[in-house]
Amino acid sequence: MKKIIGAMLLFVATASHAGHLDVISFTLKDDCSLAKYLEIVSDFNEWAGAYGYQTEIAVPVHQNDLQTVRWLGRSANGETFGKAYDAWSAGVRNSDSVPAQLNARFNECGDTNESRHAYQIFP
């Protein structure tokens with residue numbers, strides 16, 4: 001019993017130090033180049049950096065589906081992700097805000113979000 005409790009405490013302590021990975025699978029519109037999308041992501045990262053969120057874009061090289069791109073958003077933990085997501089959600093509702101302007105640019109370029117997943121990342 002002590003081993004089970006010890007293992008549970010270790011898991012909880014480790015999980016509190018786990019990073020957070022936000023993965024969105026999507027395709028781009030035919031008239032949007034990857035270079036154009038990466039410019040928007042760069043501008044997004046400028047805004048999101050203040051909230052502890054950083055994005056990388058993964059483009060398939062060896063895969064059955066070469067059209068689906070992956071958004072890899074990283075933050076220190078779930079709490080940091082939540083605060084960034086809350087700031088984004090609130091900002092999108094204000095048409096004069098940076099998030100609203102970025103969201104409009106993303107919508108012009110991105111075609112279909114196929115899925116969204118979240119992961120805890122352990123060192």
# chains A, B, ... in the order shown; residues from 1 in each chain; ligands from 1

$ select_by_dssp --residues "chain A" --states "strand (DSSP E or B)" --output "PyMOL selection string"
chain A and resi 19-28+53-58+69-75+110-121

$ select_by_dssp --residues "chain A" --states "alpha helix (DSSP H)" --output "ChimeraX atom specification"
/A:2-15,34-48,78-92,98-109

$ closest_atom_pairs --of "region 74-120 of chain A" --to "region 54-66 of chain A" --cutoff "10 Å" --atoms "only C-alpha atoms" --output "Markdown table"
| residue | atom | partner | partner_atom | distance |
| --- | --- | --- | --- | --- |
| A:Arg74 | CA | A:Gln54 | CA | 5.2 |
| A:Ser75 | CA | A:Gln54 | CA | 6.6 |
| A:Ala76 | CA | A:Gln54 | CA | 9.8 |
| A:Phe81 | CA | A:Gln54 | CA | 10.0 |

$ write_last_selection --atoms "C-alpha atoms" --output "PDB file, in the first residue's frame"
ATOM      1  CA  ARG A  74       4.057  24.568 -26.200  1.00  0.00           C
ATOM      2  CA  SER A  75       3.638  25.988 -22.736  1.00  0.00           C
ATOM      3  CA  ALA A  76       5.206  25.271 -19.363  1.00  0.00           C
ATOM      4  CA  PHE A  81      -1.806  27.085 -21.406  1.00  0.00           C
TER       5      PHE A  81
END

$ closest_residue --among "A:Leu38, A:Gly91, A:Ser25, A:Thr80" --to "Glu114 (chain A)" --atoms "only C-alpha atoms"
A:Ser25

$ closest_residue --among "A:Asn77, A:Asn107, A:Ser33, A:Thr68" --to "His20 (chain A)" --atoms "only C-alpha atoms"
A:Asn77

$ closest_residue --among "A:Tyr51, A:Phe106, A:Trp88, A:Phe44" --to "Thr27 (chain A)" --atoms "only C-alpha atoms"
A:Phe106

$ atom_distance --atom1 "CA of Ala50 (chain A)" --atom2 "CA of Lys83 (chain A)"
10.7 Å

$ residues_around --residues "Arg105 (chain A)" --least-positions-apart "6" --cutoff "12 Å" --atoms "only C-alpha atoms" --output "PyMOL selection string"
chain A and resi 32+36-41+43-44+92+98-99+111

$ write_last_selection --atoms "C-alpha atoms" --output "PDB file, in the first residue's frame"
ATOM      1  CA  CYS A  32      -2.264  30.287 -48.966  1.00  0.00           C
ATOM      2  CA  LYS A  36       2.445  33.243 -45.677  1.00  0.00           C
ATOM      3  CA  TYR A  37       1.106  31.037 -42.879  1.00  0.00           C
ATOM      4  CA  LEU A  38       4.483  31.028 -41.125  1.00  0.00           C
ATOM      5  CA  GLU A  39       4.452  34.854 -41.167  1.00  0.00           C
ATOM      6  CA  ILE A  40       1.145  34.785 -39.305  1.00  0.00           C
ATOM      7  CA  VAL A  41       2.545  32.236 -36.848  1.00  0.00           C
ATOM      8  CA  ASP A  43       3.252  37.404 -35.430  1.00  0.00           C
ATOM      9  CA  PHE A  44       1.186  35.095 -33.212  1.00  0.00           C
ATOM     10  CA  VAL A  92     -10.901  37.426 -30.238  1.00  0.00           C
ATOM     11  CA  VAL A  98      -4.267  41.670 -31.706  1.00  0.00           C
ATOM     12  CA  PRO A  99      -5.880  38.232 -31.213  1.00  0.00           C
ATOM     13  CA  ASP A 111      -8.819  25.684 -44.468  1.00  0.00           C
TER      14      ASP A 111
END

$ closest_residue --among "A:Thr112, A:Asn103, A:His17, A:Trp71" --to "Asp30 (chain A)" --atoms "only C-alpha atoms"
A:Thr112

$ closest_residue --among "A:Lys29, A:Arg70, A:Ile24, A:Ala87" --to "Tyr53 (chain A)" --atoms "only C-alpha atoms"
A:Ala87

$ atom_distance --atom1 "CA of Glu79 (chain A)" --atom2 "CA of Val23 (chain A)"
16.5 Å

$ atom_distance --atom1 "CA of Gly82 (chain A)" --atom2 "CA of Leu21 (chain A)"
11.8 Å
